[in-house]
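A.B. asks: Quick one: this structure, given as structure tokens, is what I'll be asking you about.
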Amino acid sequence: MLKYKLENNLTYEQTSLHFNIPSSSVIYDWNKFCSKFIGDNMSDNNIPNSKKSKRSNSTDIKVTKSEYSEEVRQLKERISELEKELYYKSAENAYLKKLEALMQEKQEKRQQ
């Protein structure tokens, strides 16, 4: 998705629309996350099989150990929040499915 964005010179919003992603911030966050491990915000020379030049005119950004540690801490915290949200959404989904099944059962009994 990031490779497609770069190759087609798209904005985050355009890319999210193309891939039917509800929020462009998802792509932005993914790009930011990948840039910490790949570097240079997914520049041409970091994306495999990129059609653009392998030379980069941008300067390398040095990330200090404390900045990296803080970023890792924030990412772990965000993952924890998302796991909690997923747990509650899963429970809510199971509850609603059970409620729907009970309502259908009740409706079938009325029709008999």
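Residues in the structure tokens are numbered from 1 in each chain, the chains being A, B, ... in the order shown, and ligands are numbered from 1 in the order shown.
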So that I can see what lies close to Leu17 (chain A), please list as a PDB file with N, CA and C atoms, in the first residue's frame the residues with an atom at most 12 Å from it, counting only C-alpha atoms and leaving out residues fewer than 6 positions away in the same chain.

C.D. replies:
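Output (out.pdb):
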ATOM      1  N   MET A   1       0.824  -1.173   0.000  1.00  0.00           N
ATOM      2  CA  MET A   1       0.000   0.000   0.000  1.00  0.00           C
ATOM      3  C   MET A   1       0.880   1.254   0.000  1.00  0.00           C
ATOM      4  N   LYS A   5       1.282   4.033  -2.923  1.00  0.00           N
ATOM      5  CA  LYS A   5       1.161   5.473  -2.660  1.00  0.00           C
ATOM      6  C   LYS A   5       2.324   6.233  -3.260  1.00  0.00           C
ATOM      7  N   LEU A  10       0.497   9.644  -4.527  1.00  0.00           N
ATOM      8  CA  LEU A  10      -0.806   9.906  -3.935  1.00  0.00           C
ATOM      9  C   LEU A  10      -0.668  10.460  -2.519  1.00  0.00           C
ATOM     10  N   THR A  11      -1.706  11.126  -2.076  1.00  0.00           N
ATOM     11  CA  THR A  11      -1.768  11.583  -0.688  1.00  0.00           C
ATOM     12  C   THR A  11      -2.248  10.421   0.175  1.00  0.00           C
ATOM     13  N   SER A  23      -9.845   5.430   7.342  1.00  0.00           N
ATOM     14  CA  SER A  23      -9.161   6.632   7.795  1.00  0.00           C
ATOM     15  C   SER A  23      -7.759   6.709   7.188  1.00  0.00           C
ATOM     16  N   SER A  24      -7.421   7.870   6.683  1.00  0.00           N
ATOM     17  CA  SER A  24      -6.086   8.054   6.118  1.00  0.00           C
ATOM     18  C   SER A  24      -5.013   8.022   7.200  1.00  0.00           C
ATOM     19  N   SER A  25      -5.414   8.230   8.448  1.00  0.00           N
ATOM     20  CA  SER A  25      -4.429   8.201   9.528  1.00  0.00           C
ATOM     21  C   SER A  25      -3.839   6.800   9.719  1.00  0.00           C
ATOM     22  N   VAL A  26      -4.579   5.775   9.300  1.00  0.00           N
ATOM     23  CA  VAL A  26      -4.052   4.404   9.376  1.00  0.00           C
ATOM     24  C   VAL A  26      -2.813   4.289   8.488  1.00  0.00           C
ATOM     25  N   ILE A  27      -2.896   4.848   7.295  1.00  0.00           N
ATOM     26  CA  ILE A  27      -1.769   4.789   6.361  1.00  0.00           C
ATOM     27  C   ILE A  27      -0.623   5.653   6.873  1.00  0.00           C
TER      28      ILE A  27
END

A.B. asks: Which of these residues is nearest to Lys76 (chain A), using only C-alpha atoms: A:Tyr88, A:Gln104, A:Thr64, A:Phe33?

C.D. replies: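 For Lys76 (chain A), the nearest of the given residues is A:Phe33.
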
A.B. asks: Quick one: distance from CA of Pro22 (chain A) to CA of Lys98 (chain A) in Å, one decimal?

C.D. replies: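 Interatomic distance here is 27.8 Å.
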
A.B. asks: So, counting only C-alpha atoms, which residue among A:Leu6, A:Ile21, A:Leu102, A:Cys34 is closest to Leu75 (chain A)?

C.D. replies: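 Closest candidate: A:Cys34.
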
A.B. asks: Suppose you want the space between CA of Lys84 (chain A) and CA of Glu70 (chain A); what is it in Å?

C.D. replies: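 Going from CA of Lys84 (chain A) over to CA of Glu70 (chain A) covers 21.2 Å.
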